[in-house]
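Participant: Below is the file target-v8.cif, with mmCIF, N, CA and C atoms.
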data_entry
#
loop_
_atom_site.label_atom_id
_atom_site.label_comp_id
_atom_site.auth_asym_id
_atom_site.auth_seq_id
_atom_site.Cartn_x
_atom_site.Cartn_y
_atom_site.Cartn_z
N MET A 1 -53.18 -167.88 24.38
CA MET A 1 -54.47 -167.97 23.73
C MET A 1 -55.57 -167.82 24.79
N PRO A 2 -56.58 -167.02 24.53
CA PRO A 2 -57.65 -166.85 25.51
C PRO A 2 -58.43 -168.15 25.72
N SER A 3 -58.93 -168.34 26.91
CA SER A 3 -59.64 -169.58 27.21
C SER A 3 -61.15 -169.40 27.16
N ARG A 4 -61.63 -168.31 26.60
CA ARG A 4 -63.07 -168.10 26.53
C ARG A 4 -63.66 -168.82 25.33
N GLY A 5 -64.57 -169.69 25.58
CA GLY A 5 -65.36 -170.31 24.54
C GLY A 5 -64.63 -171.28 23.64
N PHE A 6 -65.44 -171.93 22.81
CA PHE A 6 -64.97 -172.89 21.83
C PHE A 6 -65.50 -172.47 20.46
N LEU A 7 -64.70 -172.63 19.44
CA LEU A 7 -65.13 -172.32 18.08
C LEU A 7 -65.83 -173.53 17.50
N PRO A 8 -67.12 -173.43 17.16
CA PRO A 8 -67.83 -174.57 16.56
C PRO A 8 -67.22 -174.94 15.21
N CYS A 9 -67.03 -176.22 15.01
CA CYS A 9 -66.41 -176.74 13.80
C CYS A 9 -67.20 -177.96 13.33
N PHE A 10 -67.51 -178.00 12.06
CA PHE A 10 -68.26 -179.12 11.49
C PHE A 10 -67.39 -179.96 10.55
N SER A 11 -66.07 -179.78 10.60
CA SER A 11 -65.18 -180.48 9.67
C SER A 11 -65.16 -181.99 9.89
N LYS A 12 -65.54 -182.46 11.05
CA LYS A 12 -65.54 -183.89 11.34
C LYS A 12 -66.95 -184.47 11.41
N TYR A 13 -67.93 -183.70 10.93
CA TYR A 13 -69.32 -184.14 10.94
C TYR A 13 -69.49 -185.38 10.06
N ARG A 14 -70.25 -186.37 10.53
CA ARG A 14 -70.46 -187.63 9.80
C ARG A 14 -71.75 -187.56 8.98
N HIS A 15 -71.67 -186.86 7.83
CA HIS A 15 -72.84 -186.67 6.97
C HIS A 15 -73.45 -187.98 6.51
N GLN A 16 -72.63 -188.98 6.19
CA GLN A 16 -73.16 -190.23 5.68
C GLN A 16 -73.96 -190.99 6.73
N ASP A 17 -73.64 -190.79 8.00
CA ASP A 17 -74.36 -191.48 9.07
C ASP A 17 -75.48 -190.63 9.69
N PHE A 18 -75.34 -189.31 9.61
CA PHE A 18 -76.30 -188.39 10.22
C PHE A 18 -76.61 -187.26 9.25
N PRO A 19 -77.43 -187.53 8.20
CA PRO A 19 -77.72 -186.50 7.20
C PRO A 19 -78.39 -185.28 7.82
N ILE A 20 -77.99 -184.11 7.36
CA ILE A 20 -78.55 -182.89 7.96
C ILE A 20 -79.94 -182.55 7.45
N ASP A 21 -80.40 -183.23 6.41
CA ASP A 21 -81.75 -182.97 5.89
C ASP A 21 -82.80 -183.08 6.98
N ASN A 22 -82.63 -184.08 7.85
CA ASN A 22 -83.60 -184.29 8.93
C ASN A 22 -83.59 -183.16 9.95
N LEU A 23 -82.48 -182.45 10.04
CA LEU A 23 -82.38 -181.34 10.98
C LEU A 23 -83.41 -180.26 10.66
N TYR A 24 -83.67 -180.06 9.39
CA TYR A 24 -84.55 -178.98 8.96
C TYR A 24 -86.03 -179.37 8.92
N THR A 25 -86.38 -180.54 9.42
CA THR A 25 -87.78 -180.96 9.41
C THR A 25 -88.58 -180.34 10.55
N LYS A 26 -87.90 -179.86 11.57
CA LYS A 26 -88.60 -179.27 12.72
C LYS A 26 -87.87 -178.00 13.17
N ASN A 27 -88.63 -176.95 13.39
CA ASN A 27 -88.04 -175.69 13.86
C ASN A 27 -87.34 -175.86 15.21
N GLY A 28 -87.87 -176.77 16.03
CA GLY A 28 -87.27 -177.01 17.34
C GLY A 28 -85.85 -177.53 17.24
N HIS A 29 -85.57 -178.33 16.22
CA HIS A 29 -84.21 -178.85 16.02
C HIS A 29 -83.24 -177.70 15.76
N ILE A 30 -83.64 -176.79 14.89
CA ILE A 30 -82.79 -175.64 14.56
C ILE A 30 -82.56 -174.77 15.79
N SER A 31 -83.62 -174.53 16.55
CA SER A 31 -83.50 -173.70 17.75
C SER A 31 -82.53 -174.32 18.76
N LYS A 32 -82.59 -175.63 18.93
CA LYS A 32 -81.70 -176.30 19.87
C LYS A 32 -80.24 -176.21 19.41
N LEU A 33 -80.01 -176.39 18.11
CA LEU A 33 -78.65 -176.30 17.60
C LEU A 33 -78.12 -174.87 17.72
N LYS A 34 -78.93 -173.88 17.39
CA LYS A 34 -78.50 -172.48 17.52
C LYS A 34 -78.13 -172.16 18.96
N HIS A 35 -78.94 -172.63 19.90
CA HIS A 35 -78.66 -172.38 21.31
C HIS A 35 -77.35 -173.04 21.73
N LEU A 36 -77.13 -174.28 21.31
CA LEU A 36 -75.88 -174.96 21.65
C LEU A 36 -74.68 -174.21 21.07
N LEU A 37 -74.76 -173.81 19.81
CA LEU A 37 -73.63 -173.11 19.19
C LEU A 37 -73.31 -171.82 19.92
N SER A 38 -74.34 -171.10 20.34
CA SER A 38 -74.14 -169.88 21.12
C SER A 38 -73.45 -170.18 22.45
N CYS A 39 -73.88 -171.25 23.12
CA CYS A 39 -73.27 -171.63 24.39
C CYS A 39 -71.82 -172.05 24.21
N LEU A 40 -71.52 -172.75 23.12
CA LEU A 40 -70.14 -173.18 22.87
C LEU A 40 -69.22 -171.98 22.71
N ILE A 41 -69.67 -170.97 22.00
CA ILE A 41 -68.86 -169.78 21.75
C ILE A 41 -68.59 -169.00 23.04
N ASP A 42 -69.55 -168.98 23.94
CA ASP A 42 -69.45 -168.16 25.15
C ASP A 42 -68.93 -168.88 26.39
N SER A 43 -68.89 -170.21 26.39
CA SER A 43 -68.58 -170.96 27.61
C SER A 43 -67.15 -171.48 27.61
N LYS A 44 -66.53 -171.46 28.78
CA LYS A 44 -65.13 -171.87 28.93
C LYS A 44 -64.96 -173.36 29.16
N SER A 45 -66.02 -174.05 29.62
CA SER A 45 -65.88 -175.44 30.02
C SER A 45 -67.21 -176.18 29.80
N PRO A 46 -67.16 -177.51 29.84
CA PRO A 46 -68.41 -178.27 29.74
C PRO A 46 -69.41 -177.90 30.84
N LEU A 47 -68.92 -177.58 32.03
CA LEU A 47 -69.81 -177.18 33.12
C LEU A 47 -70.55 -175.89 32.77
N GLU A 48 -69.83 -174.92 32.21
CA GLU A 48 -70.49 -173.67 31.80
C GLU A 48 -71.47 -173.90 30.66
N ILE A 49 -71.12 -174.80 29.74
CA ILE A 49 -72.04 -175.13 28.65
C ILE A 49 -73.32 -175.72 29.23
N LYS A 50 -73.16 -176.64 30.16
CA LYS A 50 -74.32 -177.26 30.82
C LYS A 50 -75.19 -176.21 31.51
N GLN A 51 -74.56 -175.30 32.22
CA GLN A 51 -75.32 -174.26 32.92
C GLN A 51 -76.04 -173.34 31.94
N SER A 52 -75.38 -172.98 30.84
CA SER A 52 -75.99 -172.10 29.85
C SER A 52 -77.14 -172.79 29.12
N LEU A 53 -76.96 -174.06 28.83
CA LEU A 53 -78.00 -174.82 28.12
C LEU A 53 -79.17 -175.17 29.03
N GLY A 54 -78.87 -175.39 30.30
CA GLY A 54 -79.91 -175.88 31.21
C GLY A 54 -80.22 -177.34 30.95
N ARG A 55 -79.23 -178.08 30.42
CA ARG A 55 -79.38 -179.49 30.08
C ARG A 55 -78.16 -180.25 30.55
N GLU A 56 -78.37 -181.52 30.79
CA GLU A 56 -77.27 -182.40 31.17
C GLU A 56 -76.43 -182.69 29.93
N ILE A 57 -75.13 -182.72 30.09
CA ILE A 57 -74.20 -183.10 29.04
C ILE A 57 -73.52 -184.38 29.50
N GLN A 58 -73.69 -185.45 28.74
CA GLN A 58 -73.10 -186.73 29.12
C GLN A 58 -71.74 -186.89 28.43
N VAL A 59 -70.76 -187.31 29.22
CA VAL A 59 -69.45 -187.65 28.69
C VAL A 59 -69.56 -189.05 28.09
N ILE A 60 -69.06 -189.22 26.89
CA ILE A 60 -69.08 -190.55 26.26
C ILE A 60 -67.74 -191.21 26.56
N ARG A 61 -67.82 -192.24 27.38
CA ARG A 61 -66.63 -193.01 27.76
C ARG A 61 -66.79 -194.43 27.24
N PRO A 62 -65.71 -195.13 26.98
CA PRO A 62 -65.81 -196.48 26.42
C PRO A 62 -66.21 -197.53 27.46
N THR A 63 -67.40 -197.35 28.04
CA THR A 63 -67.85 -198.25 29.09
C THR A 63 -68.92 -199.23 28.62
N ASP A 64 -69.46 -199.03 27.42
CA ASP A 64 -70.46 -199.94 26.88
C ASP A 64 -70.28 -200.05 25.37
N LYS A 65 -70.99 -200.98 24.78
CA LYS A 65 -70.84 -201.28 23.36
C LYS A 65 -71.13 -200.06 22.47
N GLU A 66 -72.19 -199.35 22.76
CA GLU A 66 -72.58 -198.19 21.94
C GLU A 66 -71.57 -197.06 22.06
N SER A 67 -71.09 -196.79 23.25
CA SER A 67 -70.08 -195.74 23.44
C SER A 67 -68.80 -196.07 22.69
N LYS A 68 -68.36 -197.32 22.77
CA LYS A 68 -67.16 -197.75 22.05
C LYS A 68 -67.36 -197.59 20.55
N ARG A 69 -68.55 -197.93 20.06
CA ARG A 69 -68.85 -197.80 18.63
C ARG A 69 -68.75 -196.35 18.19
N LEU A 70 -69.33 -195.44 18.97
CA LEU A 70 -69.32 -194.03 18.61
C LEU A 70 -67.92 -193.43 18.68
N ILE A 71 -67.17 -193.77 19.71
CA ILE A 71 -65.80 -193.27 19.83
C ILE A 71 -64.98 -193.72 18.62
N SER A 72 -65.16 -194.95 18.23
CA SER A 72 -64.45 -195.48 17.06
C SER A 72 -64.93 -194.81 15.77
N LEU A 73 -66.23 -194.61 15.64
CA LEU A 73 -66.81 -194.01 14.44
C LEU A 73 -66.28 -192.61 14.18
N PHE A 74 -66.21 -191.80 15.22
CA PHE A 74 -65.80 -190.40 15.05
C PHE A 74 -64.29 -190.21 15.08
N GLY A 75 -63.57 -191.06 15.78
CA GLY A 75 -62.11 -191.00 15.79
C GLY A 75 -61.51 -189.70 16.30
N LEU A 76 -62.19 -189.05 17.24
CA LEU A 76 -61.66 -187.80 17.79
C LEU A 76 -60.57 -188.09 18.83
N THR A 77 -59.62 -187.20 18.92
CA THR A 77 -58.60 -187.32 19.96
C THR A 77 -59.00 -186.55 21.21
N CYS A 78 -60.06 -185.77 21.12
CA CYS A 78 -60.55 -185.01 22.28
C CYS A 78 -61.78 -185.72 22.87
N GLN A 79 -62.24 -185.22 24.01
CA GLN A 79 -63.37 -185.82 24.71
C GLN A 79 -64.66 -185.65 23.93
N LEU A 80 -65.43 -186.72 23.83
CA LEU A 80 -66.72 -186.73 23.13
C LEU A 80 -67.85 -186.59 24.15
N TYR A 81 -68.87 -185.80 23.79
CA TYR A 81 -70.02 -185.55 24.66
C TYR A 81 -71.30 -185.73 23.87
N ARG A 82 -72.42 -185.89 24.61
CA ARG A 82 -73.73 -185.90 23.96
C ARG A 82 -74.72 -185.15 24.82
N ILE A 83 -75.67 -184.55 24.14
CA ILE A 83 -76.77 -183.87 24.81
C ILE A 83 -78.05 -184.54 24.34
N ASP A 84 -78.83 -185.03 25.29
CA ASP A 84 -80.16 -185.57 25.00
C ASP A 84 -81.17 -184.48 25.31
N TYR A 85 -82.23 -184.48 24.55
CA TYR A 85 -83.27 -183.47 24.73
C TYR A 85 -84.56 -184.13 25.20
N GLY A 86 -84.49 -184.73 26.37
CA GLY A 86 -85.68 -185.31 26.98
C GLY A 86 -86.18 -186.53 26.25
N ASN A 87 -87.47 -186.72 26.27
CA ASN A 87 -88.11 -187.89 25.70
C ASN A 87 -88.37 -187.68 24.20
N THR A 88 -87.31 -187.36 23.47
CA THR A 88 -87.40 -187.15 22.02
C THR A 88 -86.24 -187.92 21.37
N PRO A 89 -86.32 -188.16 20.08
CA PRO A 89 -85.22 -188.85 19.41
C PRO A 89 -84.05 -187.93 19.07
N PHE A 90 -84.11 -186.67 19.47
CA PHE A 90 -83.10 -185.68 19.09
C PHE A 90 -81.95 -185.64 20.08
N ARG A 91 -80.72 -185.70 19.56
CA ARG A 91 -79.53 -185.53 20.40
C ARG A 91 -78.40 -184.99 19.54
N ILE A 92 -77.46 -184.34 20.18
CA ILE A 92 -76.29 -183.78 19.49
C ILE A 92 -75.04 -184.36 20.13
N LEU A 93 -74.10 -184.78 19.30
CA LEU A 93 -72.83 -185.31 19.77
C LEU A 93 -71.72 -184.37 19.31
N PHE A 94 -70.80 -184.07 20.21
CA PHE A 94 -69.72 -183.15 19.89
C PHE A 94 -68.50 -183.45 20.75
N GLY A 95 -67.35 -183.00 20.27
CA GLY A 95 -66.10 -183.14 21.01
C GLY A 95 -65.55 -181.77 21.34
N LEU A 96 -64.91 -181.64 22.48
CA LEU A 96 -64.31 -180.37 22.89
C LEU A 96 -62.80 -180.54 23.00
N SER A 97 -62.08 -179.64 22.35
CA SER A 97 -60.63 -179.65 22.42
C SER A 97 -60.15 -178.44 23.21
N ASN A 98 -59.52 -178.68 24.34
CA ASN A 98 -58.93 -177.59 25.11
C ASN A 98 -57.64 -177.09 24.47
N GLN A 99 -57.05 -177.92 23.63
CA GLN A 99 -55.79 -177.55 22.99
C GLN A 99 -55.99 -176.43 21.97
N ASN A 100 -56.96 -176.58 21.08
CA ASN A 100 -57.19 -175.55 20.06
C ASN A 100 -58.51 -174.81 20.23
N ARG A 101 -59.22 -175.10 21.33
CA ARG A 101 -60.48 -174.43 21.68
C ARG A 101 -61.54 -174.59 20.60
N GLU A 102 -61.58 -175.77 19.96
CA GLU A 102 -62.62 -176.04 18.98
C GLU A 102 -63.63 -177.02 19.55
N ALA A 103 -64.86 -176.85 19.09
CA ALA A 103 -65.94 -177.77 19.43
C ALA A 103 -66.35 -178.46 18.14
N TYR A 104 -66.04 -179.74 18.04
CA TYR A 104 -66.33 -180.51 16.83
C TYR A 104 -67.73 -181.10 16.92
N VAL A 105 -68.67 -180.54 16.19
CA VAL A 105 -70.01 -181.11 16.12
C VAL A 105 -69.90 -182.28 15.14
N VAL A 106 -70.09 -183.50 15.63
CA VAL A 106 -69.87 -184.68 14.79
C VAL A 106 -71.16 -185.37 14.37
N ALA A 107 -72.25 -185.13 15.10
CA ALA A 107 -73.52 -185.78 14.75
C ALA A 107 -74.69 -185.03 15.34
N ILE A 108 -75.72 -184.89 14.54
CA ILE A 108 -77.01 -184.41 15.01
C ILE A 108 -77.96 -185.56 14.72
N ASP A 109 -78.28 -186.29 15.76
CA ASP A 109 -79.08 -187.51 15.65
C ASP A 109 -80.55 -187.15 15.80
N THR A 110 -81.28 -187.18 14.71
CA THR A 110 -82.71 -186.85 14.75
C THR A 110 -83.59 -188.09 14.73
N ASN A 111 -82.98 -189.27 14.54
CA ASN A 111 -83.75 -190.51 14.40
C ASN A 111 -83.54 -191.51 15.52
N HIS A 112 -82.90 -191.09 16.58
CA HIS A 112 -82.62 -191.97 17.71
C HIS A 112 -81.79 -193.17 17.26
N SER A 113 -80.80 -192.92 16.40
CA SER A 113 -79.96 -194.01 15.92
C SER A 113 -78.78 -194.28 16.86
N THR A 114 -78.61 -193.47 17.88
CA THR A 114 -77.58 -193.70 18.89
C THR A 114 -78.24 -193.93 20.25
N TYR A 115 -77.64 -194.78 21.02
CA TYR A 115 -78.12 -195.10 22.37
C TYR A 115 -79.57 -195.53 22.40
N LYS A 116 -79.92 -196.46 21.52
CA LYS A 116 -81.26 -197.05 21.55
C LYS A 116 -81.34 -198.02 22.71
N ARG A 117 -82.51 -198.18 23.25
CA ARG A 117 -82.71 -199.16 24.32
C ARG A 117 -82.36 -200.55 23.78
N GLY A 118 -81.67 -201.32 24.59
CA GLY A 118 -81.32 -202.68 24.22
C GLY A 118 -80.09 -202.77 23.33
N ARG A 119 -79.57 -201.67 22.88
CA ARG A 119 -78.41 -201.68 21.99
C ARG A 119 -77.11 -201.70 22.78
N ARG A 120 -77.13 -201.22 23.99
CA ARG A 120 -75.91 -201.15 24.81
C ARG A 120 -75.48 -202.51 25.10
#
Kindly return the structure encoded in the file as structure tokens.

Facilitator:
Amino acid sequence: MPSRGFLPCFSKYRHQDFPIDNLYTKNGHISKLKHLLSCLIDSKSPLEIKQSLGREIQVIRPTDKESKRLISLFGLTCQLYRIDYGNTPFRILFGLSNQNREAYVVAIDTNHSTYKRGRR
């Protein structure tokens, strides 16, 4: 199987916790998601995704209360990541599987409901 890129998949998206209606309230949200999806398709690794996006990608590890909550909420067997977009409430959470080369977009947080100050 070729190792180029990841196929974006929304099958594990948590609609009840992160409704997509809020995604369409700002054109900037759509632009950021489109850019990420393009990078996922073309990039071989998280490092390449980071370089293509020009943004930091944080690995979500079970080191604090909020990370443990999110890992449990999504129940992925692959590594979970998040992208913050500066001083805004917008972030995207996704998992990357090297086994089947899928990128599971699990949450588009438009309300800063993850990683709030004081919640960790």

Participant: Of the residues A:Asn100, A:Cys39, A:Tyr24, A:His112, which is the one nearest to A:Thr88, using all atoms listed in the file?

Facilitator: A:His112

Participant: For this structure, which residues satisfy the selection - the PyMOL selection byres ((chain A and resi 79) around 7) - when it is evaluated on the file as given? I want them as a VMD selection string.

Facilitator: chain A and resid 60 76 to 78 80 to 81 94 to 97

Participant: Please produce a file of the residues just selected, as a JSON list (two decimals), in the frame of the given file, where the atoms kept are N, CA and C atoms.

Facilitator:
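Saved the output as part28.json:
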[["chain", "number", "residue", "atom", "x", "y", "z"],
["A", 60, "ILE", "N", -69.06, -189.22, 26.89],
["A", 60, "ILE", "CA", -69.08, -190.55, 26.26],
["A", 60, "ILE", "C", -67.74, -191.21, 26.56],
["A", 76, "LEU", "N", -62.19, -189.05, 17.24],
["A", 76, "LEU", "CA", -61.66, -187.80, 17.79],
["A", 76, "LEU", "C", -60.57, -188.09, 18.83],
["A", 77, "THR", "N", -59.62, -187.20, 18.92],
["A", 77, "THR", "CA", -58.60, -187.32, 19.96],
["A", 77, "THR", "C", -59.00, -186.55, 21.21],
["A", 78, "CYS", "N", -60.06, -185.77, 21.12],
["A", 78, "CYS", "CA", -60.55, -185.01, 22.28],
["A", 78, "CYS", "C", -61.78, -185.72, 22.87],
["A", 80, "LEU", "N", -65.43, -186.72, 23.83],
["A", 80, "LEU", "CA", -66.72, -186.73, 23.13],
["A", 80, "LEU", "C", -67.85, -186.59, 24.15],
["A", 81, "TYR", "N", -68.87, -185.80, 23.79],
["A", 81, "TYR", "CA", -70.02, -185.55, 24.66],
["A", 81, "TYR", "C", -71.30, -185.73, 23.87],
["A", 94, "PHE", "N", -70.80, -184.07, 20.21],
["A", 94, "PHE", "CA", -69.72, -183.15, 19.89],
["A", 94, "PHE", "C", -68.50, -183.45, 20.75],
["A", 95, "GLY", "N", -67.35, -183.00, 20.27],
["A", 95, "GLY", "CA", -66.10, -183.14, 21.01],
["A", 95, "GLY", "C", -65.55, -181.77, 21.34],
["A", 96, "LEU", "N", -64.91, -181.64, 22.48],
["A", 96, "LEU", "CA", -64.31, -180.37, 22.89],
["A", 96, "LEU", "C", -62.80, -180.54, 23.00],
["A", 97, "SER", "N", -62.08, -179.64, 22.35],
["A", 97, "SER", "CA", -60.63, -179.65, 22.42],
["A", 97, "SER", "C", -60.15, -178.44, 23.21]]

Participant: What's the separation between atom CA of A:Pro8 and atom CA of A:Pro46, in Å to one decimal place?

Facilitator: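 Value for the atom CA of A:Pro8-atom CA of A:Pro46 distance: 13.7 Å.
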
Participant: Using only C-alpha atoms, find the one residue out of A:Asp42, A:Glu66, A:Asp17, A:Glu56 that sits nearest to A:Lys116.

Facilitator: A:Glu66

Participant: May I ask for the distance between atom CA of A:Asn22 and atom CA of A:Pro89, given in Å to one decimal place?

Facilitator: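 One can read the atom CA of A:Asn22 to atom CA of A:Pro89 distance as 11.5 Å.
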
Participant: Of the candidates A:Ser67, A:Leu40, A:Glu102, A:Ile108, which one gets nearest to A:Ile20 if we count all atoms listed in the file?

Facilitator: A:Ile108

Participant: State, in Å with one decimal place, the distance from atom CA of A:Gln99 to atom N of A:Phe6.

Facilitator: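 We find that atom CA of A:Gln99 and atom N of A:Phe6 lie 11.2 Å from each other.
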
Participant: Can you pull out the residues contacting A:Ser43? Cut-off 9 Å, using only C-alpha atoms, and skip same-chain residues under 4 positions away; I want them as a ChimeraX atom specification.

Facilitator: /A:4-6,38-39,47-49,52

Participant: Could you give me the residues within chain A that DSSP places in strand (DSSP E), as a PyMOL selection string?

Facilitator: chain A and resi 7-9+57-59+79-84+91-97+102-109

Participant: Identify which of the residues A:Arg82, A:Arg101, A:His35, A:Lys50 lies closest to A:Cys9, counting only C-alpha atoms when measuring atom-to-atom distances.

Facilitator: A:Arg101

Participant: Expand the PyMOL selection byres ((chain A and resi 10) around 6.5) into the individual residues it matches in the shown file, reporting them as a PyMOL selection string.

Facilitator: chain A and resi 8-9+11-13+103-106

Participant: For A:Phe90, list every protein, DNA or RNA residue within 8 Å, evaluated using only N, CA and C atoms, and leave out those in the same chain fewer than 2 positions away; present the list as a list of chain:residue names.

Facilitator: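 Non-adjacent residues within range: A:His29, A:Ile83, A:Asp84, A:Tyr85, A:Gly86, A:Asn87, A:Thr88, A:Ile92, A:Leu93, A:Ile108, A:Asp109, A:Thr110, A:Asn111, A:His112, A:Ser113.
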
Participant: Can you list every residue in stretch 2-116 of chain A that DSSP puts in alpha helix (DSSP H), as number ranges by chain?

Facilitator: A: 27-42, 46-53, 65-74

Participant: Would you mind exporting N, CA and C atoms of the selected residues as a compact mmCIF listing (two decimals), in the coordinates of the input?

Facilitator:
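again.txt, freshly written:
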# COMPACT_ATOMS: atom_id res chain seq x y z
N ASN A 27 -88.63 -176.95 13.39
CA ASN A 27 -88.04 -175.69 13.86
C ASN A 27 -87.34 -175.86 15.21
N GLY A 28 -87.87 -176.77 16.03
CA GLY A 28 -87.27 -177.01 17.34
C GLY A 28 -85.85 -177.53 17.24
N HIS A 29 -85.57 -178.33 16.22
CA HIS A 29 -84.21 -178.85 16.02
C HIS A 29 -83.24 -177.70 15.76
N ILE A 30 -83.64 -176.79 14.89
CA ILE A 30 -82.79 -175.64 14.56
C ILE A 30 -82.56 -174.77 15.79
N SER A 31 -83.62 -174.53 16.55
CA SER A 31 -83.50 -173.70 17.75
C SER A 31 -82.53 -174.32 18.76
N LYS A 32 -82.59 -175.63 18.93
CA LYS A 32 -81.70 -176.30 19.87
C LYS A 32 -80.24 -176.21 19.41
N LEU A 33 -80.01 -176.39 18.11
CA LEU A 33 -78.65 -176.30 17.60
C LEU A 33 -78.12 -174.87 17.72
N LYS A 34 -78.93 -173.88 17.39
CA LYS A 34 -78.50 -172.48 17.52
C LYS A 34 -78.13 -172.16 18.96
N HIS A 35 -78.94 -172.63 19.90
CA HIS A 35 -78.66 -172.38 21.31
C HIS A 35 -77.35 -173.04 21.73
N LEU A 36 -77.13 -174.28 21.31
CA LEU A 36 -75.88 -174.96 21.65
C LEU A 36 -74.68 -174.21 21.07
N LEU A 37 -74.76 -173.81 19.81
CA LEU A 37 -73.63 -173.11 19.19
C LEU A 37 -73.31 -171.82 19.92
N SER A 38 -74.34 -171.10 20.34
CA SER A 38 -74.14 -169.88 21.12
C SER A 38 -73.45 -170.18 22.45
N CYS A 39 -73.88 -171.25 23.12
CA CYS A 39 -73.27 -171.63 24.39
C CYS A 39 -71.82 -172.05 24.21
N LEU A 40 -71.52 -172.75 23.12
CA LEU A 40 -70.14 -173.18 22.87
C LEU A 40 -69.22 -171.98 22.71
N ILE A 41 -69.67 -170.97 22.00
CA ILE A 41 -68.86 -169.78 21.75
C ILE A 41 -68.59 -169.00 23.04
N ASP A 42 -69.55 -168.98 23.94
CA ASP A 42 -69.45 -168.16 25.15
C ASP A 42 -68.93 -168.88 26.39
N PRO A 46 -67.16 -177.51 29.84
CA PRO A 46 -68.41 -178.27 29.74
C PRO A 46 -69.41 -177.90 30.84
N LEU A 47 -68.92 -177.58 32.03
CA LEU A 47 -69.81 -177.18 33.12
C LEU A 47 -70.55 -175.89 32.77
N GLU A 48 -69.83 -174.92 32.21
CA GLU A 48 -70.49 -173.67 31.80
C GLU A 48 -71.47 -173.90 30.66
N ILE A 49 -71.12 -174.80 29.74
CA ILE A 49 -72.04 -175.13 28.65
C ILE A 49 -73.32 -175.72 29.23
N LYS A 50 -73.16 -176.64 30.16
CA LYS A 50 -74.32 -177.26 30.82
C LYS A 50 -75.19 -176.21 31.51
N GLN A 51 -74.56 -175.30 32.22
CA GLN A 51 -75.32 -174.26 32.92
C GLN A 51 -76.04 -173.34 31.94
N SER A 52 -75.38 -172.98 30.84
CA SER A 52 -75.99 -172.10 29.85
C SER A 52 -77.14 -172.79 29.12
N LEU A 53 -76.96 -174.06 28.83
CA LEU A 53 -78.00 -174.82 28.12
C LEU A 53 -79.17 -175.17 29.03
N LYS A 65 -70.99 -200.98 24.78
CA LYS A 65 -70.84 -201.28 23.36
C LYS A 65 -71.13 -200.06 22.47
N GLU A 66 -72.19 -199.35 22.76
CA GLU A 66 -72.58 -198.19 21.94
C GLU A 66 -71.57 -197.06 22.06
N SER A 67 -71.09 -196.79 23.25
CA SER A 67 -70.08 -195.74 23.44
C SER A 67 -68.80 -196.07 22.69
N LYS A 68 -68.36 -197.32 22.77
CA LYS A 68 -67.16 -197.75 22.05
C LYS A 68 -67.36 -197.59 20.55
N ARG A 69 -68.55 -197.93 20.06
CA ARG A 69 -68.85 -197.80 18.63
C ARG A 69 -68.75 -196.35 18.19
N LEU A 70 -69.33 -195.44 18.97
CA LEU A 70 -69.32 -194.03 18.61
C LEU A 70 -67.92 -193.43 18.68
N ILE A 71 -67.17 -193.77 19.71
CA ILE A 71 -65.80 -193.27 19.83
C ILE A 71 -64.98 -193.72 18.62
N SER A 72 -65.16 -194.95 18.23
CA SER A 72 -64.45 -195.48 17.06
C SER A 72 -64.93 -194.81 15.77
N LEU A 73 -66.23 -194.61 15.64
CA LEU A 73 -66.81 -194.01 14.44
C LEU A 73 -66.28 -192.61 14.18
N PHE A 74 -66.21 -191.80 15.22
CA PHE A 74 -65.80 -190.40 15.05
C PHE A 74 -64.29 -190.21 15.08

Participant: Find the residue from A:Ala107, A:Leu7, A:Leu23, A:Val59 that sits nearest to A:Leu37; use only N, CA and C atoms when measuring.

Facilitator: A:Leu7
